[in-house]
Amino acid sequence: MDVEEGAAELGYRIGERAAGRGMATAAVEGVCRPAAATHRLAALTAVTTLDNPASMAVLARNGFTFVETSAPTGARRAVPAPT
């Protein structure tokens, strides 16, 4: 997680052998909540690609909503849903 001036972008990668076991979902949850509290984040984002539905699902399970798709890369930026 890169934290700068009250904003952070989350990045993660799970190896193929660990995929589909809930590890990414648990890791994102385990990082986001304490980071938001510790660093008093005003903004937290994550980026994934359109051809990675598993990553989009991980973010959705952790309360992120997709806010934009950038062209031409097709990357999707997500932010936590309002609480």
# chains A, B, ... in the order shown; residues from 1 in each chain; ligands from 1

$ residues_around --residues "Ala42 in chain A" --least-positions-apart "4" --cutoff "9 Å" --atoms "only C-alpha atoms" --output "short mmCIF file (atom, residue, chain, number, x, y, z; two decimals) with N, CA, C and O atoms, in the first residue's frame"
data_model
loop_
_atom_site.label_atom_id
_atom_site.label_comp_id
_atom_site.auth_asym_id
_atom_site.auth_seq_id
_atom_site.Cartn_x
_atom_site.Cartn_y
_atom_site.Cartn_z
N GLU A 5 -0.12 11.66 1.53
CA GLU A 5 -1.01 12.79 1.76
C GLU A 5 -2.47 12.40 1.93
O GLU A 5 -3.36 12.91 1.27
N GLY A 6 -2.75 11.42 2.80
CA GLY A 6 -4.12 11.04 3.10
C GLY A 6 -4.79 10.19 2.06
O GLY A 6 -5.98 9.95 2.13
N ALA A 7 -4.03 9.74 1.07
CA ALA A 7 -4.59 8.88 0.02
C ALA A 7 -3.66 7.69 -0.17
O ALA A 7 -2.47 7.78 0.05
N ALA A 8 -4.24 6.56 -0.56
CA ALA A 8 -3.43 5.37 -0.78
C ALA A 8 -4.02 4.54 -1.91
O ALA A 8 -5.22 4.60 -2.17
N ALA A 36 -6.69 2.33 6.94
CA ALA A 36 -7.58 3.49 6.92
C ALA A 36 -7.60 4.18 8.27
O ALA A 36 -7.58 5.40 8.36
#

$ select_by_dssp --residues "chain A" --states "alpha helix (DSSP H)" --output "short mmCIF file (atom, residue, chain, number, x, y, z; two decimals) with N, CA, C and O atoms, in the first residue's frame"
data_model
loop_
_atom_site.label_atom_id
_atom_site.label_comp_id
_atom_site.auth_asym_id
_atom_site.auth_seq_id
_atom_site.Cartn_x
_atom_site.Cartn_y
_atom_site.Cartn_z
N MET A 23 -7.57 -16.21 0.06
CA MET A 23 -6.42 -15.52 0.64
C MET A 23 -6.36 -14.04 0.25
O MET A 23 -6.05 -13.20 1.08
N ALA A 24 -6.66 -13.73 -1.01
CA ALA A 24 -6.63 -12.34 -1.44
C ALA A 24 -7.72 -11.54 -0.73
O ALA A 24 -7.49 -10.42 -0.27
N THR A 25 -8.91 -12.11 -0.62
CA THR A 25 -10.00 -11.43 0.07
C THR A 25 -9.62 -11.14 1.52
O THR A 25 -9.81 -10.01 2.01
N ALA A 26 -9.06 -12.11 2.20
CA ALA A 26 -8.65 -11.92 3.60
C ALA A 26 -7.51 -10.92 3.71
O ALA A 26 -7.49 -10.09 4.63
N ALA A 27 -6.57 -10.96 2.79
CA ALA A 27 -5.44 -10.03 2.83
C ALA A 27 -5.89 -8.59 2.62
O ALA A 27 -5.45 -7.68 3.33
N VAL A 28 -6.77 -8.38 1.64
CA VAL A 28 -7.26 -7.02 1.38
C VAL A 28 -8.01 -6.50 2.61
O VAL A 28 -7.80 -5.37 3.04
N GLU A 29 -8.86 -7.33 3.19
CA GLU A 29 -9.59 -6.92 4.40
C GLU A 29 -8.62 -6.62 5.53
O GLU A 29 -8.76 -5.62 6.24
N GLY A 30 -7.62 -7.47 5.70
CA GLY A 30 -6.67 -7.30 6.79
C GLY A 30 -5.79 -6.07 6.66
O GLY A 30 -5.26 -5.58 7.65
N VAL A 31 -5.63 -5.57 5.45
CA VAL A 31 -4.81 -4.38 5.23
C VAL A 31 -5.64 -3.10 5.23
O VAL A 31 -5.23 -2.10 5.81
N CYS A 32 -6.79 -3.14 4.59
CA CYS A 32 -7.58 -1.91 4.41
C CYS A 32 -8.10 -1.30 5.70
O CYS A 32 -7.96 -0.09 5.92
N ARG A 33 -8.69 -2.10 6.55
CA ARG A 33 -9.27 -1.54 7.77
C ARG A 33 -8.23 -0.89 8.67
O ARG A 33 -8.39 0.27 9.05
N PRO A 34 -7.14 -1.58 9.02
CA PRO A 34 -6.15 -0.93 9.87
C PRO A 34 -5.46 0.25 9.18
O PRO A 34 -5.17 1.25 9.83
N ALA A 35 -5.22 0.16 7.89
CA ALA A 35 -4.54 1.25 7.19
C ALA A 35 -5.40 2.50 7.18
O ALA A 35 -4.89 3.60 7.38
N ALA A 36 -6.69 2.33 6.94
CA ALA A 36 -7.58 3.49 6.92
C ALA A 36 -7.60 4.18 8.27
O ALA A 36 -7.58 5.40 8.36
N ALA A 37 -7.60 3.40 9.34
CA ALA A 37 -7.63 3.96 10.69
C ALA A 37 -6.28 4.56 11.08
O ALA A 37 -6.20 5.66 11.60
N THR A 38 -5.22 3.83 10.81
CA THR A 38 -3.88 4.25 11.21
C THR A 38 -3.42 5.50 10.46
O THR A 38 -2.82 6.40 11.04
N HIS A 39 -3.69 5.54 9.18
CA HIS A 39 -3.19 6.64 8.34
C HIS A 39 -4.24 7.71 8.08
O HIS A 39 -3.99 8.65 7.34
N PRO A 53 -11.48 -10.97 -13.58
CA PRO A 53 -12.71 -10.95 -12.78
C PRO A 53 -12.50 -11.41 -11.34
O PRO A 53 -13.23 -10.98 -10.44
N ALA A 54 -11.50 -12.25 -11.09
CA ALA A 54 -11.24 -12.69 -9.72
C ALA A 54 -10.82 -11.51 -8.85
O ALA A 54 -11.28 -11.36 -7.72
N SER A 55 -9.97 -10.64 -9.38
CA SER A 55 -9.54 -9.47 -8.62
C SER A 55 -10.70 -8.50 -8.41
O SER A 55 -10.84 -7.91 -7.34
N MET A 56 -11.54 -8.34 -9.43
CA MET A 56 -12.72 -7.48 -9.28
C MET A 56 -13.63 -8.03 -8.19
O MET A 56 -14.19 -7.27 -7.39
N ALA A 57 -13.75 -9.35 -8.10
CA ALA A 57 -14.59 -9.98 -7.07
C ALA A 57 -13.99 -9.77 -5.67
O ALA A 57 -14.72 -9.51 -4.71
N VAL A 58 -12.67 -9.87 -5.55
CA VAL A 58 -11.99 -9.63 -4.27
C VAL A 58 -12.30 -8.22 -3.79
O VAL A 58 -12.66 -8.00 -2.62
N LEU A 59 -12.17 -7.25 -4.67
CA LEU A 59 -12.43 -5.87 -4.29
C LEU A 59 -13.90 -5.67 -3.93
O LEU A 59 -14.22 -5.02 -2.93
N ALA A 60 -14.81 -6.24 -4.70
CA ALA A 60 -16.24 -6.11 -4.40
C ALA A 60 -16.57 -6.73 -3.05
O ALA A 60 -17.35 -6.15 -2.27
N ARG A 61 -15.99 -7.88 -2.73
CA ARG A 61 -16.25 -8.52 -1.43
C ARG A 61 -15.74 -7.68 -0.27
O ARG A 61 -16.20 -7.83 0.86
#

$ atom_distance --atom1 "CA of Thr69 in chain A" --atom2 "CA of Thr45 in chain A"
13.0 Å

$ atom_distance --atom1 "CA of Leu41 in chain A" --atom2 "CA of Phe64 in chain A"
14.8 Å

$ atom_distance --atom1 "CA of Thr65 in chain A" --atom2 "CA of Arg21 in chain A"
22.1 Å
